[in-house]
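One structure below.
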Amino acid sequence: MIDRVQANGRRVPTPPKGETFESIRASLSLAAQRSDPRLTAEFENYLSADLGRFLMTLDLVPQGTGRLLEIGADPYFTTLLLDHYRDYDLTLANGGEPGGSGEAVLGPGTPQERSMRFVTLNIEDDGISLDDGSFDVILFCEVLEHLTVDPLMALSRINRLLKPDGVLVLTTPNAARLANAAALFAGNNMYDRYSAYGPYGRHNREYVLWELRDLLAIAGFDVRRLFAADYEVAIADETPVRLAPKRWLFDRVLTLLRAGRGDVGFTLFAQAVKKGPPGAKKPRWLYRSYPDDELLGADETVLG
C-alpha cells in the first residue's frame, strides 16, 4: 500500500502513550553521550533533527516477539526505543570487518552508563556470520543510501536472513525531497559532500518512492506501507526542523506539480513482508554495463 500524505507532505510523529517529545528526547540523549566530545555534539544535533523520524520508524515495527536485527544500529537512538517499547530479542549490527564484534559505551561515567554489544558486517559482502531465516524483523534504516556496490544484493541478503513472512522496516532519504528541489531551483548542487568517514560516510545513491517500491519487489518483498514524509517536531521553543528555505514558496509551486501525491517528503519510509526469494535479475534503471541477460526487461519492472 502506498500511503499518501497531505498536500504539504508533512506528517506529525506521535510519542508513545504517556510520553512527550521532551521526555523521549531526554531518554534518548543517553545515546548521544560519548567519550569523544565531537561525537557527542554530532549525535546531539542528530537527535534534535531526527527525533520525529525515530518515532515514525518505531511506529512501523509491529508489536510482537521473536528476534529483531537492527542493521546500522549506531548511534542507538532507535535501539533504545525498540528496547523500551517493543519485546523483541535484539541483535545489533554495525559496519566493519565481517564476522567481528564490538561494544559501544553510552553515557560513559554517568549513573545511566550502558554498553551496547554488536556484531560487525558489510551487507554488501559475502561474509555475514548470521543464519539465514533467523529473524522475525529487520531494520535497515538510513543505510541503503550509503551502499557503494550493489543495493539489490544487500536487500536480497536481508531477504535470506528473514523468516517467511518476516518484516523489513526501511528508511532512506528521498532524492525527490523538497530541500533538493529548493537547491536546484536556487542553482545549487543537490549531491552529498565527501565524508571524513570514507566512502560509506556519504550518500552514494538516493532513491525516489517508485524506485524503492520496485527495488523491494524485485528483492522478494510485498510492500505493505510506503510513503515519503517530513517529520517536523517542535520541542519547547525550538524551531521545527527539516524546513527547506522559502518553504512557503515551494509549497505553492509543488502543490501544482505533484497533484497532491505528497512524494516530496524528506524521508522514504517502508514496511515490507518477505513473500519469496529475491529475483535473479537487476533493474535497468539502477544498473548498467551488465550483460543483457542479467538485467530485467522494461516490461518486468515497475515504472515511475
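Identifiers in this document derive from the order of the C-alpha cells: chains are assigned A, B, ..., residues are numbered from 1 separately in each chain, and ligands are numbered from 1 in order of occurrence.
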
If we count only C-alpha atoms and set the cut-off at 6 Å, which residues sit around Lys281 in chain A, ignoring sequence neighbours fewer than 4 positions away in its own chain? Please answer as a VMD selection string. chain A and resid 294 to 296

Saved selection, atoms kept: N, CA and C atoms, as a PDB file, in the first residue's frame:
ATOM      1  N   GLU A 294      21.409 -10.372 -17.549  1.00  0.00           N
ATOM      2  CA  GLU A 294      21.365 -10.162 -16.101  1.00  0.00           C
ATOM      3  C   GLU A 294      20.457  -8.995 -15.726  1.00  0.00           C
ATOM      4  N   LEU A 295      19.880  -8.330 -16.735  1.00  0.00           N
ATOM      5  CA  LEU A 295      19.047  -7.163 -16.493  1.00  0.00           C
ATOM      6  C   LEU A 295      17.600  -7.441 -16.868  1.00  0.00           C
ATOM      7  N   LEU A 296      16.684  -6.868 -16.072  1.00  0.00           N
ATOM      8  CA  LEU A 296      15.257  -7.039 -16.336  1.00  0.00           C
ATOM      9  C   LEU A 296      14.852  -6.254 -17.586  1.00  0.00           C
TER      10      LEU A 296
END

Selection near range 199-202 of chain A, 10 Å with only C-alpha atoms, sequence-local residues under 3 positions removed, as an mmCIF file with N, CA and C atoms, in the first residue's frame:
data_model
loop_
_atom_site.group_PDB
_atom_site.id
_atom_site.type_symbol
_atom_site.label_atom_id
_atom_site.label_comp_id
_atom_site.auth_asym_id
_atom_site.auth_seq_id
_atom_site.Cartn_x
_atom_site.Cartn_y
_atom_site.Cartn_z
ATOM 1 N N GLY A 95 28.677 -1.511 10.663
ATOM 2 C CA GLY A 95 29.649 -1.765 9.622
ATOM 3 C C GLY A 95 31.016 -2.107 10.192
ATOM 4 N N VAL A 143 20.674 3.334 5.750
ATOM 5 C CA VAL A 143 21.840 2.564 5.310
ATOM 6 C C VAL A 143 21.864 2.434 3.786
ATOM 7 N N GLU A 145 21.244 4.272 1.323
ATOM 8 C CA GLU A 145 21.859 5.370 0.568
ATOM 9 C C GLU A 145 23.385 5.392 0.664
ATOM 10 N N HIS A 146 23.947 4.649 1.617
ATOM 11 C CA HIS A 146 25.397 4.627 1.798
ATOM 12 C C HIS A 146 26.089 3.519 1.003
ATOM 13 N N LEU A 147 25.324 2.593 0.434
ATOM 14 C CA LEU A 147 25.921 1.443 -0.239
ATOM 15 C C LEU A 147 26.671 1.882 -1.494
ATOM 16 N N THR A 148 27.738 1.167 -1.787
ATOM 17 C CA THR A 148 28.618 1.574 -2.886
ATOM 18 C C THR A 148 28.679 0.560 -4.034
ATOM 19 N N TYR A 191 23.808 17.041 -4.542
ATOM 20 C CA TYR A 191 24.523 15.828 -4.164
ATOM 21 C C TYR A 191 25.233 15.988 -2.821
ATOM 22 N N ASP A 192 25.452 14.877 -2.147
ATOM 23 C CA ASP A 192 26.073 14.892 -0.827
ATOM 24 C C ASP A 192 27.551 15.246 -0.917
ATOM 25 N N ARG A 193 28.090 15.709 0.213
ATOM 26 C CA ARG A 193 29.510 16.053 0.298
ATOM 27 C C ARG A 193 30.346 14.821 0.607
ATOM 28 N N TYR A 194 31.651 14.928 0.385
ATOM 29 C CA TYR A 194 32.563 13.850 0.746
ATOM 30 C C TYR A 194 32.754 13.839 2.257
ATOM 31 N N SER A 195 32.931 12.657 2.817
ATOM 32 C CA SER A 195 32.927 12.493 4.268
ATOM 33 C C SER A 195 34.283 12.050 4.802
ATOM 34 N N ALA A 196 34.621 12.557 5.983
ATOM 35 C CA ALA A 196 35.836 12.117 6.659
ATOM 36 C C ALA A 196 35.739 10.662 7.090
ATOM 37 N N ARG A 205 23.975 6.967 -3.271
ATOM 38 C CA ARG A 205 22.852 6.905 -4.213
ATOM 39 C C ARG A 205 21.551 7.002 -3.420
#

With distances taken over only C-alpha atoms, which of A:Pro16, A:Pro111, A:Gly265, A:Gly297 is nearest to Leu58 in chain A?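 Answer, going by the shortest atom-to-atom distance: A:Pro16.
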
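Within range 52-91 of chain A, DSSP applied to the backbone places the following residues in strand (DSSP E): Arg67, Leu68, Leu69, Glu70, Ile71, Asp89, Leu90 and Thr91 of chain A.
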
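When only C-alpha atoms are used to measure the gap to Glu44 in chain A, the shortest distance among A:Ile71, A:Phe77, A:Tyr290, A:Asp83 belongs to A:Phe77.
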
Hey, can you check how far CA of His203 in chain A sits from CA of Leu60 in chain A?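 Atom-to-atom, CA of His203 in chain A to CA of Leu60 in chain A, that is 23.4 Å.
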
Excluding same-chain residues fewer than 2 positions from Val208 in chain A, what lies within 8 Å of it counting only C-alpha atoms, as a PyMOL selection string? chain A and resi 174-176+206+210-212+268

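Considering only C-alpha atoms, the residue among A:Ser129, A:Gln112, A:Thr57, A:Thr91 positioned nearest to Val169 in chain A is A:Thr57.
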
Rank A:Leu90, A:Ala186, A:Met116, A:Leu39 by their smallest atom-to-atom distance to Tyr76 in chain A, using only C-alpha atoms, and report the top residue only.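 Among the listed residues, the smallest separation from Tyr76 in chain A belongs to A:Met116.
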
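Residues within 9 Å of Pro75 in chain A, counting only C-alpha atoms and excluding same-chain residues fewer than 4 positions away, are Ala31, Ala32, Phe43 and Thr79 of chain A.
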
What is the CA of Cys141 in chain A-CA of Glu70 in chain A distance in Å, reported with one decimal?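 So the answer is 8.2 Å.
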
In terms of the shortest atom-to-atom distance over only C-alpha atoms, which of A:Gly166, A:Gly220, A:Gly99, A:Gly18 is closest to Ile138 in chain A?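 Among the listed residues, the smallest separation from Ile138 in chain A belongs to A:Gly166.
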
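Reported to one decimal place, the separation of CA of Pro37 in chain A from CA of Gly109 in chain A is 13.5 Å.
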
Quick one: residues within 12 Å of Ala26 in chain A, only C-alpha atoms counted, chain neighbours fewer than 6 positions away excluded, as a PyMOL selection string? chain A and resi 19-20+32-33+44+47-48+51+77+80+235

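Closest approach to Gly64 in chain A from the set A:Ala41, A:Val167, A:Leu130, A:Leu106 is made by A:Val167, with distances taken over only C-alpha atoms.
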
Those of range 41-261 of chain A in DSSP alpha helix (DSSP H), formatted as a ChimeraX atom specification: /A:41-60,77-85,151-161,178-185,209-218,247-258
